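As stored in work_33.tsv (TSV, C-alpha atoms and all ligand atoms):
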```tsv
chain	number	residue	atom	x	y	z
A	1	MET	CA	0.00	0.00	0.00
A	2	LYS	CA	1.08	3.56	-0.54
A	3	LEU	CA	-0.28	6.60	1.26
A	4	TYR	CA	-0.07	9.93	-0.52
A	5	TYR	CA	0.06	12.54	2.23
A	6	ALA	CA	1.01	16.08	3.13
A	7	PRO	CA	2.62	16.75	6.52
A	8	GLY	CA	0.00	17.77	9.08
A	9	ALA	CA	-2.88	17.57	6.55
A	10	CYS	CA	-5.96	15.41	7.15
A	11	SER	CA	-3.99	12.50	5.69
A	12	ILE	CA	-2.24	12.34	9.09
A	13	GLY	CA	-5.30	10.52	10.46
A	14	ILE	CA	-4.95	7.73	7.87
A	15	HIS	CA	-1.21	7.68	8.50
A	16	VAL	CA	-2.01	7.04	12.19
A	17	LEU	CA	-4.33	4.14	11.26
A	18	LEU	CA	-1.61	2.57	9.08
A	19	GLU	CA	0.82	2.77	12.01
A	20	GLU	CA	-1.80	1.31	14.36
A	21	ILE	CA	-2.19	-1.62	11.93
A	22	GLY	CA	1.56	-2.07	11.72
A	23	LYS	CA	1.77	-3.73	8.28
A	24	PRO	CA	4.42	-2.43	5.86
A	25	TYR	CA	3.34	0.52	3.70
A	26	GLU	CA	4.99	3.25	1.66
A	27	THR	CA	4.38	6.97	1.82
A	28	GLU	CA	4.73	9.65	-0.82
A	29	ARG	CA	4.64	13.31	0.08
A	30	VAL	CA	2.49	15.63	-2.04
A	31	ASN	CA	3.58	19.24	-1.77
A	32	LEU	CA	0.21	21.04	-1.52
A	33	GLN	CA	1.84	24.48	-1.21
A	34	GLN	CA	3.54	23.97	-4.57
A	35	GLY	CA	0.30	22.71	-6.12
A	36	GLU	CA	1.57	19.20	-6.88
A	37	GLN	CA	-1.96	17.89	-6.29
A	38	TYR	CA	-3.18	19.67	-9.45
A	39	LYS	CA	-0.48	18.31	-11.77
A	40	PRO	CA	0.69	14.99	-13.15
A	41	PRO	CA	1.86	12.57	-11.93
A	42	PHE	CA	-0.49	12.99	-8.92
A	43	THR	CA	-3.61	13.78	-10.96
A	44	ALA	CA	-3.21	10.44	-12.74
A	45	VAL	CA	-3.47	8.76	-9.32
A	46	ASN	CA	-6.24	10.94	-7.86
A	47	PRO	CA	-7.94	13.40	-10.23
A	48	LYS	CA	-9.74	14.88	-7.19
A	49	SER	CA	-6.35	16.44	-6.25
A	50	LYS	CA	-6.69	15.50	-2.59
A	51	VAL	CA	-4.83	13.67	0.13
A	52	PRO	CA	-5.31	11.20	1.74
A	53	THR	CA	-5.06	8.92	-1.28
A	54	LEU	CA	-4.28	5.26	-0.79
A	55	THR	CA	-3.07	2.96	-3.54
A	56	ARG	CA	-3.62	-0.67	-2.67
A	57	ASP	CA	-1.44	-3.67	-3.40
A	58	ASP	CA	-3.62	-4.55	-6.43
A	59	GLY	CA	-2.99	-1.05	-7.85
A	60	THR	CA	-6.49	0.29	-7.20
A	61	VAL	CA	-6.92	3.69	-5.62
A	62	MET	CA	-9.04	4.66	-2.62
A	63	THR	CA	-10.01	8.23	-1.78
A	64	GLU	CA	-12.18	9.96	0.86
A	65	TYR	CA	-11.15	9.68	4.47
A	66	PRO	CA	-14.16	7.77	5.88
A	67	ALA	CA	-14.01	5.18	3.08
A	68	ILE	CA	-10.26	4.61	3.47
A	69	ALA	CA	-10.56	4.40	7.27
A	70	TYR	CA	-13.49	1.95	7.06
A	71	TRP	CA	-11.70	-0.23	4.51
A	72	LEU	CA	-8.51	-0.32	6.59
A	73	ALA	CA	-10.52	-1.26	9.69
A	74	ARG	CA	-12.50	-4.03	7.98
A	75	THR	CA	-9.53	-5.55	6.16
A	76	ASN	CA	-7.36	-5.58	9.30
A	77	PRO	CA	-9.74	-6.82	12.01
A	78	PHE	CA	-6.84	-7.80	14.32
A	79	ALA	CA	-6.11	-4.06	14.76
A	80	ASN	CA	-9.52	-3.44	16.41
A	81	LEU	CA	-10.12	-0.16	14.62
A	82	LEU	CA	-13.91	-0.62	14.78
A	83	PRO	CA	-15.96	-2.03	17.66
A	84	ASP	CA	-17.65	-5.42	17.13
A	85	ASP	CA	-21.06	-4.09	18.11
A	86	ILE	CA	-22.92	-2.81	15.02
A	87	ASP	CA	-24.45	0.19	16.81
A	88	GLN	CA	-21.03	1.22	18.10
A	89	GLN	CA	-19.60	0.73	14.61
A	90	ALA	CA	-22.25	3.05	13.20
A	91	LYS	CA	-21.49	5.57	15.96
A	92	SER	CA	-17.79	5.47	15.08
A	93	LEU	CA	-18.64	6.10	11.41
A	94	GLU	CA	-21.04	8.90	12.40
A	95	LEU	CA	-18.31	10.65	14.39
A	96	THR	CA	-15.72	10.08	11.65
A	97	ASP	CA	-18.00	11.67	9.09
A	98	TYR	CA	-18.86	14.56	11.38
A	99	ALA	CA	-15.18	15.34	12.00
A	100	VAL	CA	-14.32	15.15	8.29
A	101	ALA	CA	-17.40	16.54	6.55
A	102	THR	CA	-18.36	19.22	9.06
A	103	ILE	CA	-15.50	20.21	11.38
A	104	HIS	CA	-12.86	19.89	8.64
A	105	MET	CA	-14.64	20.62	5.36
A	106	GLN	CA	-17.02	23.28	6.71
A	107	GLY	CA	-15.15	24.68	9.73
A	108	PHE	CA	-11.41	24.49	9.05
A	109	ALA	CA	-11.61	24.76	5.25
A	110	ARG	CA	-13.24	28.20	5.73
A	111	GLN	CA	-10.36	29.22	8.00
A	112	PHE	CA	-7.50	27.79	5.88
A	113	ARG	CA	-8.89	28.51	2.39
A	114	SER	CA	-11.29	31.41	2.88
A	115	SER	CA	-10.84	32.55	-0.74
A	116	ASN	CA	-12.49	29.30	-1.90
A	117	PHE	CA	-15.72	30.40	-0.19
A	118	THR	CA	-16.13	33.91	-1.59
A	119	PRO	CA	-15.19	35.73	-4.78
A	120	ASN	CA	-14.79	38.94	-2.74
A	121	PRO	CA	-11.52	39.34	-0.76
A	122	ALA	CA	-13.28	41.82	1.56
A	123	ASP	CA	-15.53	38.97	2.78
A	124	GLU	CA	-12.71	36.62	3.73
A	125	GLU	CA	-12.55	37.66	7.39
A	126	ALA	CA	-16.29	36.96	7.74
A	127	VAL	CA	-15.79	33.55	6.09
A	128	LYS	CA	-13.01	32.76	8.59
A	129	SER	CA	-15.17	33.73	11.59
A	130	ARG	CA	-18.01	31.57	10.30
A	131	GLY	CA	-15.53	28.68	9.94
A	132	LYS	CA	-14.40	29.20	13.54
A	133	GLU	CA	-18.03	29.15	14.74
A	134	ILE	CA	-18.70	25.89	12.87
A	135	ALA	CA	-15.55	24.27	14.30
A	136	GLU	CA	-16.41	25.47	17.83
A	137	LYS	CA	-19.91	24.02	17.60
A	138	GLY	CA	-18.37	20.80	16.27
A	139	PHE	CA	-15.92	20.50	19.14
A	140	ALA	CA	-18.70	21.20	21.66
A	141	LEU	CA	-20.61	18.20	20.25
A	142	ILE	CA	-17.51	15.98	20.17
A	143	ASP	CA	-16.78	17.06	23.74
A	144	LYS	CA	-20.19	15.75	24.79
A	145	ALA	CA	-19.60	12.49	22.91
A	146	LEU	CA	-16.30	12.09	24.78
A	147	GLU	CA	-17.86	12.66	28.23
A	148	GLY	CA	-16.70	9.90	30.59
A	149	LYS	CA	-14.78	8.10	27.82
A	150	GLU	CA	-11.14	7.82	26.82
A	151	TYR	CA	-11.99	7.53	23.13
A	152	ALA	CA	-14.98	8.49	21.02
A	153	VAL	CA	-16.83	5.17	21.33
A	154	GLY	CA	-15.00	3.90	24.41
A	155	LYS	CA	-12.05	2.02	22.90
A	156	PHE	CA	-9.84	3.52	20.18
A	157	SER	CA	-11.49	3.41	16.74
A	158	ILE	CA	-11.27	5.12	13.35
A	159	ALA	CA	-13.30	8.07	14.70
A	160	ASP	CA	-10.44	9.01	17.01
A	161	SER	CA	-7.99	9.43	14.15
A	162	ALA	CA	-10.36	11.87	12.41
A	163	ILE	CA	-11.19	13.77	15.59
A	164	PHE	CA	-7.45	13.86	16.34
A	165	TYR	CA	-6.46	15.71	13.19
A	166	THR	CA	-9.14	18.35	13.69
A	167	GLU	CA	-8.11	18.81	17.34
A	168	PHE	CA	-4.50	19.08	16.17
A	169	TRP	CA	-5.50	21.82	13.71
A	170	SER	CA	-7.27	23.80	16.45
A	171	LYS	CA	-3.78	24.77	17.74
A	172	ARG	CA	-2.84	26.23	14.35
A	173	VAL	CA	-5.73	28.68	14.40
A	174	GLY	CA	-5.45	29.50	18.11
A	175	MET	CA	-8.73	27.85	19.17
A	176	THR	CA	-9.16	26.67	22.76
A	177	LEU	CA	-10.49	23.12	22.85
A	178	PRO	CA	-13.16	22.15	25.40
A	179	ALA	CA	-11.81	19.98	28.24
A	180	ASN	CA	-12.70	16.49	26.97
A	181	CYS	CA	-11.33	17.28	23.50
A	182	ALA	CA	-8.13	18.71	25.02
A	183	SER	CA	-7.62	15.47	27.05
A	184	HIS	CA	-8.45	13.39	23.97
A	185	LEU	CA	-5.78	15.23	21.98
A	186	GLU	CA	-3.21	14.59	24.75
A	187	ARG	CA	-4.23	10.92	24.87
A	188	MET	CA	-3.83	10.64	21.11
A	189	LEU	CA	-0.43	12.36	21.15
A	190	ALA	CA	0.73	9.84	23.77
A	191	ARG	CA	-0.06	6.83	21.54
A	192	PRO	CA	3.13	5.27	20.13
A	193	ALA	CA	1.59	5.10	16.63
A	194	VAL	CA	0.82	8.82	16.70
A	195	GLN	CA	4.32	9.63	17.97
A	196	ARG	CA	5.86	7.65	15.10
A	197	VAL	CA	3.70	9.52	12.59
A	198	MET	CA	4.61	12.91	14.10
A	199	GLN	CA	8.28	11.99	13.68
A	200	GLN	CA	7.79	10.71	10.13
A	201	GLU	CA	5.88	13.85	9.06
A	202	GLY	CA	8.47	16.14	10.69
A	203	LEU	CA	5.98	17.53	13.22
A	204	ALA	CA	7.50	16.28	16.50
A	301	LIG	N1	-13.30	14.81	1.48
A	301	LIG	C1	-11.87	14.53	1.43
A	301	LIG	C2	-11.13	15.75	1.90
A	301	LIG	C3	-9.67	15.67	1.65
A	301	LIG	C4	-9.04	17.05	1.71
A	301	LIG	O1	-9.71	18.09	1.72
A	301	LIG	N2	-7.69	17.06	1.71
A	301	LIG	C5	-6.94	18.30	1.69
A	301	LIG	C6	-5.80	18.25	2.71
A	301	LIG	S1	-6.39	18.25	4.37
A	301	LIG	C7	-6.29	18.45	0.33
A	301	LIG	O2	-5.76	17.50	-0.21
A	301	LIG	N3	-6.33	19.65	-0.21
A	301	LIG	C8	-5.66	19.98	-1.43
A	301	LIG	C9	-6.44	20.96	-2.25
A	301	LIG	O3	-7.68	21.03	-2.09
A	301	LIG	O4	-5.81	21.65	-3.03
A	301	LIG	C10	-11.58	13.33	2.28
A	301	LIG	O5	-12.45	12.97	3.09
A	301	LIG	O6	-10.54	12.69	2.15
```
What does this structure look like when you write it as structure tokens?
Amino acid sequence: MKLYYAPGACSIGIHVLLEEIGKPYETERVNLQQGEQYKPPFTAVNPKSKVPTLTRDDGTVMTEYPAIAYWLARTNPFANLLPDDIDQQAKSLELTDYAVATIHMQGFARQFRSSNFTPNPADEEAVKSRGKEIAEKGFALIDKALEGKEYAVGKFSIADSAIFYTEFWSKRVGMTLPANCASHLERMLARPAVQRVMQQEGLA
């Protein structure tokens, strides 16, 4: 398998899952600042121009965080990346999707790429504040979900890797995380798999 990633991007969550699984895999860095995602050879791999992108041993390509995370969990059951209970599995997927589709794509994307959300540069500050509001509301909901638990559905699962990267980003934009999210981030950063990824991506 090969993970196409950018240091500290959302691909870090999939990188964490690959380390949790512990099977051999390759990585290839995509320089998003230099626009490598919009040019060949990367566009031949993923025409959506996004990381994470995973090429599998049979040469096929997987994109979209929740799909990659789910596939990794189901094909590596020994790694316990999803609970056995079907309701808990659905809950883990629900939280994964919320972190990716709402907190990341609606909240942080507005803060990191405000010009993508308005044709008018004068509106960009308003776009950023709206993004912050969306992320804050998201973390408040995740905080409730984490109440009394170490991880999102009790034991570590794919949802934690997605929540982790959004919590990690909160530091970049100077947001204060609510208490349960702050402890969750610390717990994640203490996991050996996460520490290896931080080293590998040059973030430690
Ligand atoms: N919906 C996608 C989102 C992936 C995404 O937005 N990736 C960002 C990095 S965090 C990216 O590759 N951005 C490059 C660009 O849009 O130019 C997923 O779930 O994987």
Original post:
Please, what distance in Å, to one decimal, runs between atom CA of Ile68 of chain A and atom CA of Ala152 of chain A?
Top reply: 18.6 Å
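Compared by their closest atoms to ligand LIG 301 (chain A), and using all atoms listed in the file, the residues A:Ile86, A:Ile103, A:Ile134, A:Met1 rank with A:Ile103 nearest.
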Subject >> Surroundings of ligand LIG 301 (chain A) up to 9 Å, based on all atoms listed in the file, as a VMD selection string >> reply: chain A and resid 5 to 6 8 to 12 30 32 to 33 35 to 38 48 to 53 63 to 68 97 100 to 101 104 to 105 109 113
Original post:
What does the distance between atom CA of Met198 of chain A and atom CA of Gln106 of chain A come to in Å, to one decimal place?
Top reply: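 Between these atoms lies a distance of 25.1 Å.
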Original post:
atom CA of Phe108 of chain A and atom CA of Pro192 of chain A, how far apart in Å?
Top reply: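 Straight-line distance from atom CA of Pro192 of chain A to atom CA of Phe108 of chain A works out to 26.5 Å.
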Original post:
Could you pull the residues within 10 Å of Arg172 of chain A, counting only C-alpha atoms, minus those fewer than 4 positions along the same chain, as a ChimeraX atom specification?
Top reply: /A:112,167-168
**OP:** Go through A:Arg110, A:Tyr70, A:Ala204, A:Val194 and flag the residue nearest Pro83 of chain A, using all atoms listed in the file for the distances.
**Re:**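 Ranking A:Arg110, A:Tyr70, A:Ala204, A:Val194 by distance to Pro83 of chain A, first place goes to A:Tyr70.
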Subject >> Residues near Thr27 of chain A, cut-off 7 Å, only C-alpha atoms, skip fewer than 2 positions along chain, as a VMD selection string >> reply: chain A and resid 2 to 4 25 29
Original post:
Given the choices A:Ala135, A:Ser161, A:Glu26, A:Leu141, which gets closest to Thr176 of chain A if the distance is worked out from all atoms listed in the file?
Top reply: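 For Thr176 of chain A, the nearest of the given residues is A:Ala135.
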Can you list every residue of segment 74-177 of chain A that has an atom at most 9 Å from segment 14-19 of chain A, with its nearest atom pair and the distance in Å to one decimal, using all atoms listed in the file, ordered by chain then number, as JSON lines?
```
{"residue": "A:Leu81", "atom": "CA", "partner": "A:Leu17", "partner_atom": "CA", "distance": 8.0}
{"residue": "A:Ile158", "atom": "CA", "partner": "A:Leu17", "partner_atom": "CA", "distance": 7.3}
{"residue": "A:Ser161", "atom": "CA", "partner": "A:Val16", "partner_atom": "CA", "distance": 6.7}
{"residue": "A:Ala162", "atom": "CA", "partner": "A:Ile14", "partner_atom": "CA", "distance": 8.2}
```
Those residues you just picked out, can you put them in a file as a PDB file, in the coordinates of the input with C-alpha atoms?
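In the end it all went to selection34.pdb:
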```
ATOM      1  CA  LEU A  81     -10.120  -0.160  14.620  1.00  0.00           C
ATOM      2  CA  ILE A 158     -11.270   5.120  13.350  1.00  0.00           C
ATOM      3  CA  SER A 161      -7.990   9.430  14.150  1.00  0.00           C
ATOM      4  CA  ALA A 162     -10.360  11.870  12.410  1.00  0.00           C
TER       5      ALA A 162
END
```
**OP:** Kindly indicate which residue among A:Phe42, A:Asn180, A:Ala126, A:Asp87 lies nearest to Leu54 of chain A, using all atoms listed in the file for the distances.
**Re:** A:Phe42
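Distances here use all atoms listed in the file; by that measure, the residue among A:Asn46, A:Thr55, A:Asn76, A:Gln195 closest to Gly22 of chain A is A:Asn76.
The closest residue to Lys144 of chain A, picked from A:Pro178, A:Tyr165, A:Lys128, A:Ser157 and counting all atoms listed in the file, is A:Pro178.
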